[in-house]
Every structure is written in C-alpha cells, then in structure tokens.
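Chemist: File follows, run.cif with mmCIF, C-alpha atoms, pLDDT in the B column; chains and numbers go by the auth columns:
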```cif
data_work
#
loop_
_atom_site.group_PDB
_atom_site.id
_atom_site.type_symbol
_atom_site.label_atom_id
_atom_site.label_comp_id
_atom_site.label_asym_id
_atom_site.label_seq_id
_atom_site.Cartn_x
_atom_site.Cartn_y
_atom_site.Cartn_z
_atom_site.B_iso_or_equiv
_atom_site.auth_seq_id
_atom_site.auth_asym_id
ATOM 1 C CA MET A 1 -5.476 -29.164 -17.675 82.00 1267 A
ATOM 2 C CA THR A 2 -5.896 -25.407 -17.940 86.00 1268 A
ATOM 3 C CA TYR A 3 -8.988 -23.953 -16.342 88.00 1269 A
ATOM 4 C CA THR A 4 -10.689 -20.739 -17.271 89.00 1270 A
ATOM 5 C CA ALA A 5 -13.281 -18.704 -15.455 94.00 1271 A
ATOM 6 C CA THR A 6 -14.367 -16.272 -18.109 96.00 1272 A
ATOM 7 C CA ILE A 7 -17.220 -13.904 -17.374 96.00 1273 A
ATOM 8 C CA ARG A 8 -19.149 -11.722 -19.777 96.00 1274 A
ATOM 9 C CA LEU A 9 -19.160 -8.054 -18.857 95.00 1275 A
ATOM 10 C CA TYR A 10 -21.961 -5.536 -19.320 90.00 1276 A
ATOM 11 C CA ASP A 11 -20.456 -4.260 -22.608 94.00 1277 A
ATOM 12 C CA GLU A 12 -20.269 -7.845 -23.930 95.00 1278 A
ATOM 13 C CA THR A 13 -16.495 -8.084 -23.568 96.00 1279 A
ATOM 14 C CA GLU A 14 -15.085 -10.941 -21.502 96.00 1280 A
ATOM 15 C CA LEU A 15 -12.562 -11.320 -18.702 97.00 1281 A
ATOM 16 C CA ASP A 16 -10.902 -14.514 -17.483 97.00 1282 A
ATOM 17 C CA LEU A 17 -10.881 -14.196 -13.698 97.00 1283 A
ATOM 18 C CA LEU A 18 -8.028 -16.709 -13.391 96.00 1284 A
ATOM 19 C CA ARG A 19 -5.760 -14.817 -15.808 96.00 1285 A
ATOM 20 C CA PRO A 20 -7.040 -11.236 -15.872 97.00 1286 A
ATOM 21 C CA ASP A 21 -5.665 -9.234 -18.777 97.00 1287 A
ATOM 22 C CA PRO A 22 -5.076 -5.608 -17.663 97.00 1288 A
ATOM 23 C CA SER A 23 -5.982 -4.366 -21.146 97.00 1289 A
ATOM 24 C CA LYS A 24 -9.520 -5.735 -20.697 96.00 1290 A
ATOM 25 C CA ILE A 25 -10.148 -3.744 -17.504 97.00 1291 A
ATOM 26 C CA ALA A 26 -12.316 -0.634 -17.939 97.00 1292 A
ATOM 27 C CA ILE A 27 -13.353 2.153 -15.576 97.00 1293 A
ATOM 28 C CA ASP A 28 -16.979 1.709 -16.664 96.00 1294 A
ATOM 29 C CA HIS A 29 -16.935 -1.975 -15.688 96.00 1295 A
ATOM 30 C CA ILE A 30 -15.750 -1.019 -12.229 97.00 1296 A
ATOM 31 C CA ALA A 31 -17.995 2.021 -11.658 97.00 1297 A
ATOM 32 C CA ILE A 32 -21.175 0.304 -12.865 97.00 1298 A
ATOM 33 C CA ALA A 33 -20.613 -2.975 -11.028 97.00 1299 A
ATOM 34 C CA LEU A 34 -19.518 -1.380 -7.731 97.00 1300 A
ATOM 35 C CA SER A 35 -22.538 0.936 -7.780 96.00 1301 A
ATOM 36 C CA ARG A 36 -24.757 -2.158 -7.982 96.00 1302 A
ATOM 37 C CA GLU A 37 -22.869 -4.217 -5.390 95.00 1303 A
ATOM 38 C CA GLY A 38 -24.084 -3.957 -1.802 93.00 1304 A
ATOM 39 C CA ARG A 39 -21.698 -4.151 1.111 93.00 1305 A
ATOM 40 C CA TYR A 40 -22.105 -6.451 4.108 91.00 1306 A
ATOM 41 C CA ALA A 41 -23.934 -9.158 2.108 91.00 1307 A
ATOM 42 C CA ASN A 42 -26.770 -6.631 1.678 89.00 1308 A
ATOM 43 C CA GLN A 43 -27.747 -7.183 5.317 89.00 1309 A
ATOM 44 C CA GLY A 44 -27.661 -3.587 6.546 84.00 1310 A
ATOM 45 C CA ARG A 45 -30.928 -1.861 7.335 83.00 1311 A
ATOM 46 C CA LEU A 46 -30.179 0.488 4.447 82.00 1312 A
ATOM 47 C CA VAL A 47 -28.801 -0.157 0.952 86.00 1313 A
ATOM 48 C CA TYR A 48 -25.140 0.842 0.718 91.00 1314 A
ATOM 49 C CA CYS A 49 -22.901 0.044 -2.227 95.00 1315 A
ATOM 50 C CA VAL A 50 -19.193 -0.589 -2.704 96.00 1316 A
ATOM 51 C CA ALA A 51 -18.832 2.400 -5.097 96.00 1317 A
ATOM 52 C CA GLU A 52 -19.946 4.804 -2.352 95.00 1318 A
ATOM 53 C CA HIS A 53 -17.594 3.122 0.124 95.00 1319 A
ATOM 54 C CA SER A 54 -14.696 3.401 -2.347 96.00 1320 A
ATOM 55 C CA TYR A 55 -15.477 7.060 -2.997 95.00 1321 A
ATOM 56 C CA LEU A 56 -15.421 7.753 0.761 93.00 1322 A
ATOM 57 C CA VAL A 57 -12.112 5.927 1.247 94.00 1323 A
ATOM 58 C CA ALA A 58 -10.527 8.012 -1.536 94.00 1324 A
ATOM 59 C CA ALA A 59 -12.008 11.216 -0.083 90.00 1325 A
ATOM 60 C CA GLY A 60 -10.860 10.180 3.401 89.00 1326 A
ATOM 61 C CA CYS A 61 -7.329 9.593 2.137 88.00 1327 A
ATOM 62 C CA TYR A 62 -7.437 13.024 0.525 83.00 1328 A
ATOM 63 C CA SER A 63 -8.363 14.661 3.836 80.00 1329 A
ATOM 64 C CA PHE A 64 -6.212 12.453 6.038 77.00 1330 A
ATOM 65 C CA ALA A 65 -2.980 12.447 4.020 72.00 1331 A
ATOM 66 C CA ARG A 66 -3.056 15.753 2.112 71.00 1332 A
ATOM 67 C CA ASP A 67 -0.510 17.452 4.406 70.00 1333 A
ATOM 68 C CA VAL A 68 1.789 14.426 4.450 70.00 1334 A
ATOM 69 C CA PHE A 69 2.176 14.436 0.662 67.00 1335 A
ATOM 70 C CA ASP A 70 2.167 18.187 -0.017 65.00 1336 A
ATOM 71 C CA LYS A 71 5.652 18.014 -1.571 65.00 1337 A
ATOM 72 C CA ASP A 72 4.960 15.140 -3.967 74.00 1338 A
ATOM 73 C CA GLN A 73 1.637 15.649 -5.700 79.00 1339 A
ATOM 74 C CA GLU A 74 2.079 12.632 -8.007 84.00 1340 A
ATOM 75 C CA VAL A 75 2.588 10.235 -5.084 83.00 1341 A
ATOM 76 C CA PHE A 76 -0.481 11.770 -3.428 85.00 1342 A
ATOM 77 C CA ARG A 77 -2.525 11.388 -6.634 88.00 1343 A
ATOM 78 C CA LEU A 78 -1.534 7.712 -6.863 91.00 1344 A
ATOM 79 C CA LEU A 79 -2.513 7.204 -3.195 91.00 1345 A
ATOM 80 C CA GLN A 80 -5.993 8.590 -3.896 93.00 1346 A
ATOM 81 C CA LEU A 81 -6.385 6.481 -7.042 96.00 1347 A
ATOM 82 C CA ARG A 82 -5.246 3.380 -5.152 96.00 1348 A
ATOM 83 C CA ALA A 83 -7.776 4.188 -2.416 96.00 1349 A
ATOM 84 C CA LEU A 84 -10.572 4.572 -4.971 97.00 1350 A
ATOM 85 C CA PHE A 85 -9.682 1.149 -6.429 97.00 1351 A
ATOM 86 C CA HIS A 86 -8.884 -0.646 -3.157 96.00 1352 A
ATOM 87 C CA ASP A 87 -12.010 -2.865 -3.469 96.00 1353 A
ATOM 88 C CA SER A 88 -12.310 -2.775 -7.266 96.00 1354 A
ATOM 89 C CA GLY A 89 -11.830 -6.525 -7.620 95.00 1355 A
ATOM 90 C CA GLU A 90 -15.348 -6.785 -6.212 95.00 1356 A
ATOM 91 C CA ALA A 91 -16.609 -5.338 -9.506 96.00 1357 A
ATOM 92 C CA TYR A 92 -15.761 -8.693 -11.057 96.00 1358 A
ATOM 93 C CA LEU A 93 -15.866 -11.075 -8.069 94.00 1359 A
ATOM 94 C CA ARG A 94 -18.598 -9.622 -5.817 92.00 1360 A
ATOM 95 C CA ASP A 95 -18.254 -8.524 -2.214 90.00 1361 A
ATOM 96 C CA LEU A 96 -17.937 -11.578 -0.001 92.00 1362 A
ATOM 97 C CA PRO A 97 -18.507 -11.196 3.735 92.00 1363 A
ATOM 98 C CA GLY A 98 -15.170 -10.726 5.510 90.00 1364 A
ATOM 99 C CA PRO A 99 -15.602 -13.644 7.949 94.00 1365 A
ATOM 100 C CA LEU A 100 -16.124 -16.000 5.000 95.00 1366 A
ATOM 101 C CA LYS A 101 -13.304 -14.568 2.902 94.00 1367 A
ATOM 102 C CA LYS A 102 -10.815 -14.977 5.782 95.00 1368 A
ATOM 103 C CA LEU A 103 -11.399 -18.745 6.189 97.00 1369 A
ATOM 104 C CA PRO A 104 -8.452 -21.011 5.253 97.00 1370 A
ATOM 105 C CA ALA A 105 -10.668 -22.782 2.710 97.00 1371 A
ATOM 106 C CA MET A 106 -11.047 -19.470 0.853 96.00 1372 A
ATOM 107 C CA ALA A 107 -7.317 -19.101 0.123 97.00 1373 A
ATOM 108 C CA PHE A 108 -7.975 -19.804 -3.577 95.00 1374 A
ATOM 109 C CA TYR A 109 -10.466 -16.947 -3.654 95.00 1375 A
ATOM 110 C CA ARG A 110 -8.020 -14.527 -2.018 95.00 1376 A
ATOM 111 C CA GLU A 111 -5.377 -15.510 -4.601 95.00 1377 A
ATOM 112 C CA ILE A 112 -7.800 -14.826 -7.470 95.00 1378 A
ATOM 113 C CA GLU A 113 -8.789 -11.531 -5.857 94.00 1379 A
ATOM 114 C CA ASP A 114 -5.122 -10.530 -5.523 94.00 1380 A
ATOM 115 C CA GLU A 115 -4.371 -11.392 -9.182 95.00 1381 A
ATOM 116 C CA LEU A 116 -7.358 -9.340 -10.255 96.00 1382 A
ATOM 117 C CA ARG A 117 -6.336 -6.429 -8.044 95.00 1383 A
ATOM 118 C CA CYS A 118 -2.849 -6.538 -9.585 96.00 1384 A
ATOM 119 C CA ALA A 119 -4.333 -6.465 -13.110 97.00 1385 A
ATOM 120 C CA ILE A 120 -6.555 -3.510 -12.184 97.00 1386 A
ATOM 121 C CA PHE A 121 -3.671 -1.614 -10.596 97.00 1387 A
ATOM 122 C CA GLU A 122 -1.486 -2.330 -13.636 97.00 1388 A
ATOM 123 C CA HIS A 123 -4.212 -1.085 -15.978 97.00 1389 A
ATOM 124 C CA PHE A 124 -4.434 2.221 -14.092 96.00 1390 A
ATOM 125 C CA GLY A 125 -0.665 2.655 -13.737 95.00 1391 A
ATOM 126 C CA LEU A 126 -0.481 1.890 -10.021 96.00 1392 A
ATOM 127 C CA PRO A 127 2.309 -0.062 -8.349 94.00 1393 A
ATOM 128 C CA VAL A 128 1.166 -3.572 -7.462 93.00 1394 A
ATOM 129 C CA ARG A 129 2.593 -3.240 -3.943 92.00 1395 A
ATOM 130 C CA ASP A 130 2.899 -0.027 -1.922 93.00 1396 A
ATOM 131 C CA GLU A 131 3.089 -0.587 1.824 94.00 1397 A
ATOM 132 C CA VAL A 132 3.025 3.112 2.738 89.00 1398 A
ATOM 133 C CA ALA A 133 -0.069 3.894 0.665 90.00 1399 A
ATOM 134 C CA ASP A 134 -1.795 0.682 1.745 94.00 1400 A
ATOM 135 C CA GLY A 135 -1.177 1.620 5.388 93.00 1401 A
ATOM 136 C CA TYR A 136 -2.988 4.951 4.949 90.00 1402 A
ATOM 137 C CA ILE A 137 -5.800 3.287 3.024 95.00 1403 A
ATOM 138 C CA GLU A 138 -6.227 0.626 5.724 95.00 1404 A
ATOM 139 C CA LEU A 139 -6.539 3.285 8.458 92.00 1405 A
ATOM 140 C CA VAL A 140 -9.162 5.249 6.516 93.00 1406 A
ATOM 141 C CA ASP A 141 -10.986 2.064 5.469 94.00 1407 A
ATOM 142 C CA LYS A 142 -11.235 0.931 9.104 93.00 1408 A
ATOM 143 C CA ALA A 143 -12.588 4.320 10.238 89.00 1409 A
ATOM 144 C CA ILE A 144 -15.181 4.280 7.469 89.00 1410 A
ATOM 145 C CA ARG A 145 -16.222 0.698 8.311 90.00 1411 A
ATOM 146 C CA GLU A 146 -16.930 1.790 11.892 86.00 1412 A
ATOM 147 C CA GLU A 147 -19.134 4.623 10.662 85.00 1413 A
ATOM 148 C CA GLU A 148 -20.826 2.341 8.122 88.00 1414 A
ATOM 149 C CA MET A 149 -21.761 -0.105 10.865 86.00 1415 A
ATOM 150 C CA ALA A 150 -23.318 2.694 12.908 84.00 1416 A
ATOM 151 C CA VAL A 151 -25.265 4.093 9.955 84.00 1417 A
ATOM 152 C CA LEU A 152 -26.342 0.801 8.382 83.00 1418 A
ATOM 153 C CA TRP A 153 -27.561 -0.710 11.627 84.00 1419 A
ATOM 154 C CA CYS A 154 -28.914 2.615 12.930 79.00 1420 A
ATOM 155 C CA LYS A 155 -26.756 2.640 16.054 75.00 1421 A
ATOM 156 C CA LYS A 156 -26.359 5.845 17.990 66.00 1422 A
ATOM 157 C CA VAL A 157 -22.635 6.027 18.644 59.00 1423 A
ATOM 158 C CA GLU A 158 -20.261 8.924 18.941 62.00 1424 A
ATOM 159 C CA LEU A 159 -17.735 8.882 16.126 55.00 1425 A
ATOM 160 C CA PRO A 160 -14.485 10.831 16.524 52.00 1426 A
ATOM 161 C CA VAL A 161 -14.774 12.372 13.040 51.00 1427 A
ATOM 162 C CA PRO A 162 -17.873 11.625 10.957 54.00 1428 A
ATOM 163 C CA LEU A 163 -16.751 10.790 7.421 57.00 1429 A
ATOM 164 C CA GLY A 164 -20.037 11.249 5.605 70.00 1430 A
ATOM 165 C CA VAL A 165 -21.411 7.747 5.171 75.00 1431 A
ATOM 166 C CA ALA A 166 -24.709 8.103 3.353 76.00 1432 A
ATOM 167 C CA CYS A 167 -26.861 5.631 1.517 81.00 1433 A
ATOM 168 C CA VAL A 168 -27.271 7.016 -1.995 87.00 1434 A
ATOM 169 C CA SER A 169 -28.790 5.555 -5.148 89.00 1435 A
ATOM 170 C CA ALA A 170 -26.704 3.386 -7.465 91.00 1436 A
ATOM 171 C CA PHE A 171 -26.828 6.201 -10.007 94.00 1437 A
ATOM 172 C CA GLU A 172 -25.492 8.748 -7.497 94.00 1438 A
ATOM 173 C CA ALA A 173 -22.818 6.346 -6.208 94.00 1439 A
ATOM 174 C CA ARG A 174 -21.620 5.733 -9.758 96.00 1440 A
ATOM 175 C CA ARG A 175 -21.609 9.482 -10.456 96.00 1441 A
ATOM 176 C CA ARG A 176 -19.530 10.187 -7.321 94.00 1442 A
ATOM 177 C CA PHE A 177 -17.121 7.352 -8.124 97.00 1443 A
ATOM 178 C CA MET A 178 -16.586 8.644 -11.671 96.00 1444 A
ATOM 179 C CA GLU A 179 -16.279 12.242 -10.457 94.00 1445 A
ATOM 180 C CA ALA A 180 -13.564 11.189 -8.016 94.00 1446 A
ATOM 181 C CA TYR A 181 -11.787 9.205 -10.746 96.00 1447 A
ATOM 182 C CA LYS A 182 -11.785 12.152 -13.168 95.00 1448 A
ATOM 183 C CA THR A 183 -10.660 14.572 -10.460 92.00 1449 A
ATOM 184 C CA ILE A 184 -7.820 12.319 -9.335 92.00 1450 A
ATOM 185 C CA GLN A 185 -6.695 11.805 -12.935 90.00 1451 A
ATOM 186 C CA ASP A 186 -6.669 15.543 -13.714 81.00 1452 A
ATOM 187 C CA PRO A 187 -6.994 17.625 -10.532 69.00 1453 A
ATOM 188 C CA ARG A 188 -6.219 20.934 -12.282 66.00 1454 A
ATOM 189 C CA ARG A 189 -9.126 20.466 -14.654 64.00 1455 A
ATOM 190 C CA PHE A 190 -11.729 19.082 -12.284 58.00 1456 A
ATOM 191 C CA GLY A 191 -10.742 20.515 -8.880 57.00 1457 A
ATOM 192 C CA GLU A 192 -11.252 18.865 -5.504 58.00 1458 A
ATOM 193 C CA TYR A 193 -13.980 16.300 -4.859 51.00 1459 A
#
```
Please rewrite the model in this file as structure tokens.
Modeler:
Amino acid sequence: MTYTATIRLYDETELDLLRPDPSKIAIDHIAIALSREGRYANQGRLVYCVAEHSYLVAAGCYSFARDVFDKDQEVFRLLQLRALFHDSGEAYLRDLPGPLKKLPAMAFYREIEDELRCAIFEHFGLPVRDEVADGYIELVDKAIREEEMAVLWCKKVELPVPLGVACVSAFEARRRFMEAYKTIQDPRRFGEY
C-alpha cells in the first residue's frame, strides 16, 4: 500500500509530504508559512516566528563567516542561502518542540523532515549535504537560540555578542526573510542585508 500525505498550500497547489516534489516548492510558501509559525511551541512571553529566526541565522552566518569565504563568493552565497532555509521544512510540517522531535518514536517525523529539507535544498540549487556549511550554521543557530531564550523569557543575561533577536510582526518577518532571500540571490543588485 502506498500512503500519501498531501497538503493544500495557500495558493491552492498541493504537496505530498511523503514524496515532496522539488518543483512544487515555492519561496512564497516558505516565507508566508514561516512568518506565521511561532517558535518554542508559542510558549515564549513574546511572539517570535521561525521566519525571523531564519533571517537572523542567515545574517549571523554573513557576519560570522564573511572573512572565511572572502575568496569564494559563490560558496559564501550558498552558505547564506542554506542558513536562511535551515528550518524551511517547518513551513510545511510546523515547528515541533525539540525535546519531542528528538524522541526515538519520532524517527519517522525526522525522516519526513529530512526528505522535505532535501527537496527544498534541491529546488533552490543547494547541495543536500554540506558538513562545512552546516557546521557554521549550527554554531550561529545555537548562539541565536541562547539569545532567543533570554529575550522570549525576559531573562537578564549577559550575551557575548547580541545578535539582534527582536519580536516583529508576521508582516515584518516575512519582509525581512524575502529581503534576505533577494539579497543572497543577487547581492550586487540588492546589497547587504
């Protein structure tokens, strides 16, 4: 028996989550859904969405790795794009709390999430696996998570380098996400973000 898990998207197209077709992925699907998806099961004291988080990870990678990649601008551009899309599967699957997602019983979910991530990366011309880029992204993502926790639960902690976590509207988060996407795609035309 062949199962499907087809969802209808905001533009009335459909995507099978079990066999995601890269040609059915769209930047608008991702930007709109991530700007409406709250992080941390929406349990922070402030509303904070995945699109804003993704924007900050891409911007953090820009700041953190710019000097490392100064000789290969295309590799650097792909790192930033990969950082912007590092949680993009959540546009279609939602943001599950990390402790739940890590449980052995959730292995099927992690497999679906990985297949979807691969389809998204393929759609945007990114390598499915890139250990070097993923290492940079993981470092920046962890630093941003620490700042998010302080901001979202209003804790007064000293952060080594504040990264700019702010709780913005869904509209503003979507705008920033799309601005970063356009800038990464054509940095000469749009400049730095």
Chemist: May I have a table of the residues of range 1309-1398 of chain A lying at most 10 Å from range 1430-1445 of chain A, giving each one's closest pair of atoms and their distance in Å to one decimal, counting all atoms listed in the file, ordered by chain and ascending residue number, as JSON lines?
Modeler:
```
{"residue": "A:Leu1312", "atom": "CA", "partner": "A:Cys1433", "partner_atom": "CA", "distance": 6.8}
{"residue": "A:Val1313", "atom": "CA", "partner": "A:Cys1433", "partner_atom": "CA", "distance": 6.1}
{"residue": "A:Tyr1314", "atom": "CA", "partner": "A:Cys1433", "partner_atom": "CA", "distance": 5.2}
{"residue": "A:Cys1315", "atom": "CA", "partner": "A:Ala1436", "partner_atom": "CA", "distance": 7.3}
{"residue": "A:Val1316", "atom": "CA", "partner": "A:Ala1439", "partner_atom": "CA", "distance": 8.6}
{"residue": "A:Ala1317", "atom": "CA", "partner": "A:Ala1439", "partner_atom": "CA", "distance": 5.7}
{"residue": "A:Glu1318", "atom": "CA", "partner": "A:Ala1439", "partner_atom": "CA", "distance": 5.0}
{"residue": "A:His1319", "atom": "CA", "partner": "A:Val1431", "partner_atom": "CA", "distance": 7.8}
{"residue": "A:Ser1320", "atom": "CA", "partner": "A:Phe1443", "partner_atom": "CA", "distance": 7.4}
{"residue": "A:Tyr1321", "atom": "CA", "partner": "A:Phe1443", "partner_atom": "CA", "distance": 5.4}
{"residue": "A:Leu1322", "atom": "CA", "partner": "A:Val1431", "partner_atom": "CA", "distance": 7.4}
{"residue": "A:Ala1324", "atom": "CA", "partner": "A:Phe1443", "partner_atom": "CA", "distance": 9.3}
{"residue": "A:Ala1325", "atom": "CA", "partner": "A:Gly1430", "partner_atom": "CA", "distance": 9.8}
{"residue": "A:Gly1326", "atom": "CA", "partner": "A:Gly1430", "partner_atom": "CA", "distance": 9.5}
{"residue": "A:Leu1350", "atom": "CA", "partner": "A:Phe1443", "partner_atom": "CA", "distance": 7.8}
{"residue": "A:Phe1351", "atom": "CA", "partner": "A:Phe1443", "partner_atom": "CA", "distance": 9.8}
```
Chemist: If we count all atoms listed in the file, what is near Asp1400 in chain A at a cut-off of 9 Å, once residues fewer than 2 positions away on the same chain are taken out, given as a count of residues only?
Modeler: 12
Chemist: Given the file shown, determine the residues that the PyMOL selection byres ((chain A and resi 1409-1414) around 8) selects; report them as a PyMOL selection string.
Modeler: chain A and resi 1319+1322-1323+1405-1408+1415-1418+1425+1428-1429+1431
Chemist: For the file shown, report as an mmCIF file with C-alpha atoms, in the frame of the given file the outcome of the PyMOL selection byres ((chain A and resi 1274-1279) around 8) at residue level.
Modeler:
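Here's the written file part.cif:
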```cif
data_model
loop_
_atom_site.group_PDB
_atom_site.id
_atom_site.type_symbol
_atom_site.label_atom_id
_atom_site.label_comp_id
_atom_site.auth_asym_id
_atom_site.auth_seq_id
_atom_site.Cartn_x
_atom_site.Cartn_y
_atom_site.Cartn_z
ATOM 1 C CA THR A 1272 -14.367 -16.272 -18.109
ATOM 2 C CA ILE A 1273 -17.220 -13.904 -17.374
ATOM 3 C CA GLU A 1280 -15.085 -10.941 -21.502
ATOM 4 C CA LEU A 1281 -12.562 -11.320 -18.702
ATOM 5 C CA LYS A 1290 -9.520 -5.735 -20.697
ATOM 6 C CA HIS A 1295 -16.935 -1.975 -15.688
#
```
Chemist: Within 7 Å of range 1360-1373 of chain A, counting only C-alpha atoms, which residues show up once you throw out same-chain ones fewer than 6 positions away? Write them as an MDAnalysis selection string, please.
Modeler: chainID A and resid 1303 1305:1307
Chemist: Between CA of Phe1390 in chain A and CA of Glu1356 in chain A, measure the distance and give it in Å to one decimal.
Modeler: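 Atom-to-atom, CA of Phe1390 in chain A to CA of Glu1356 in chain A, that is 16.2 Å.
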Chemist: To one decimal in Å, tell me the separation between CA of Lys1448 in chain A and CA of Phe1330 in chain A.
Modeler: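 These two atoms are separated by 20.0 Å.
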Chemist: For a test of reading the model, state the distance in Å between CA of Gln1346 in chain A and CA of Arg1302 in chain A, rounded to one decimal.
Modeler: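 Interatomic distance here is 22.0 Å.
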Chemist: Rank nothing, just name the residue among A:Ala1446, A:Phe1374, A:Glu1388, A:Ile1298 nearest to Pro1286 in chain A, using all atoms listed in the file.
Modeler: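 Among A:Ala1446, A:Phe1374, A:Glu1388, A:Ile1298, it is A:Glu1388 that comes nearest to Pro1286 in chain A.
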Chemist: Calculated over all atoms listed in the file, which of the candidates A:Val1341, A:Ile1293, A:Leu1283, A:Met1267 has the smallest distance to Tyr1447 in chain A?
Modeler: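 Looking only at the distances to Tyr1447 in chain A, the closest residue turns out to be A:Ile1293.
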Chemist: Could you write out as a ChimeraX atom specification the residues that the PyMOL selection byres ((chain A and resi 1385) around 9) matches in the shown file?
Modeler: /A:1285-1289,1291,1380-1384,1386-1390,1394
Chemist: Enclose all atoms of range 1302-1309 of chain A listed in the file in an axis-aligned box, grow every side by 6 Å, and hand back centre and edge lengths in Å to one decimal, as JSON.
Modeler:
```
{"center_x": -24.7, "center_y": -5.7, "center_z": -1.3, "size_x": 18.0, "size_y": 19.0, "size_z": 25.3}
```
Chemist: Rank nothing, just name the residue among A:Cys1420, A:Leu1344, A:Ile1450, A:Leu1284 nearest to Glu1377 in chain A, using only C-alpha atoms.
Modeler: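 Looking at the shortest contact to Glu1377 in chain A, the residue is A:Leu1284.
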Chemist: Have a look at A:Tyr1269, A:Tyr1328, A:Tyr1358, A:Trp1419 and name the one nearest to Arg1311 in chain A; count only C-alpha atoms.
Modeler: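 When distances to Arg1311 in chain A are compared using only C-alpha atoms, the smallest one comes from A:Trp1419.
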Chemist: Considering all atoms listed in the file, can you say which of A:Leu1347, A:Asp1452, A:Ala1399, A:Ile1378 comes closest to Val1334 in chain A?
Modeler: A:Ala1399
Chemist: Which residues, written as JSON, numbers by chain, have at least one atom at most 7 Å from Ala1357 in chain A, with only C-alpha atoms counted and residues fewer than 6 positions away on the same chain left out?
Modeler: {"A": [1296, 1299, 1300]}
Chemist: Go ahead and write the selection's residues with C-alpha atoms as an mmCIF file, in the frame of the given file.
Modeler:
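Printed below is result33.cif as written:
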```
data_model
loop_
_atom_site.group_PDB
_atom_site.id
_atom_site.type_symbol
_atom_site.label_atom_id
_atom_site.label_comp_id
_atom_site.auth_asym_id
_atom_site.auth_seq_id
_atom_site.Cartn_x
_atom_site.Cartn_y
_atom_site.Cartn_z
ATOM 1 C CA ILE A 1296 -15.750 -1.019 -12.229
ATOM 2 C CA ALA A 1299 -20.613 -2.975 -11.028
ATOM 3 C CA LEU A 1300 -19.518 -1.380 -7.731
#
```
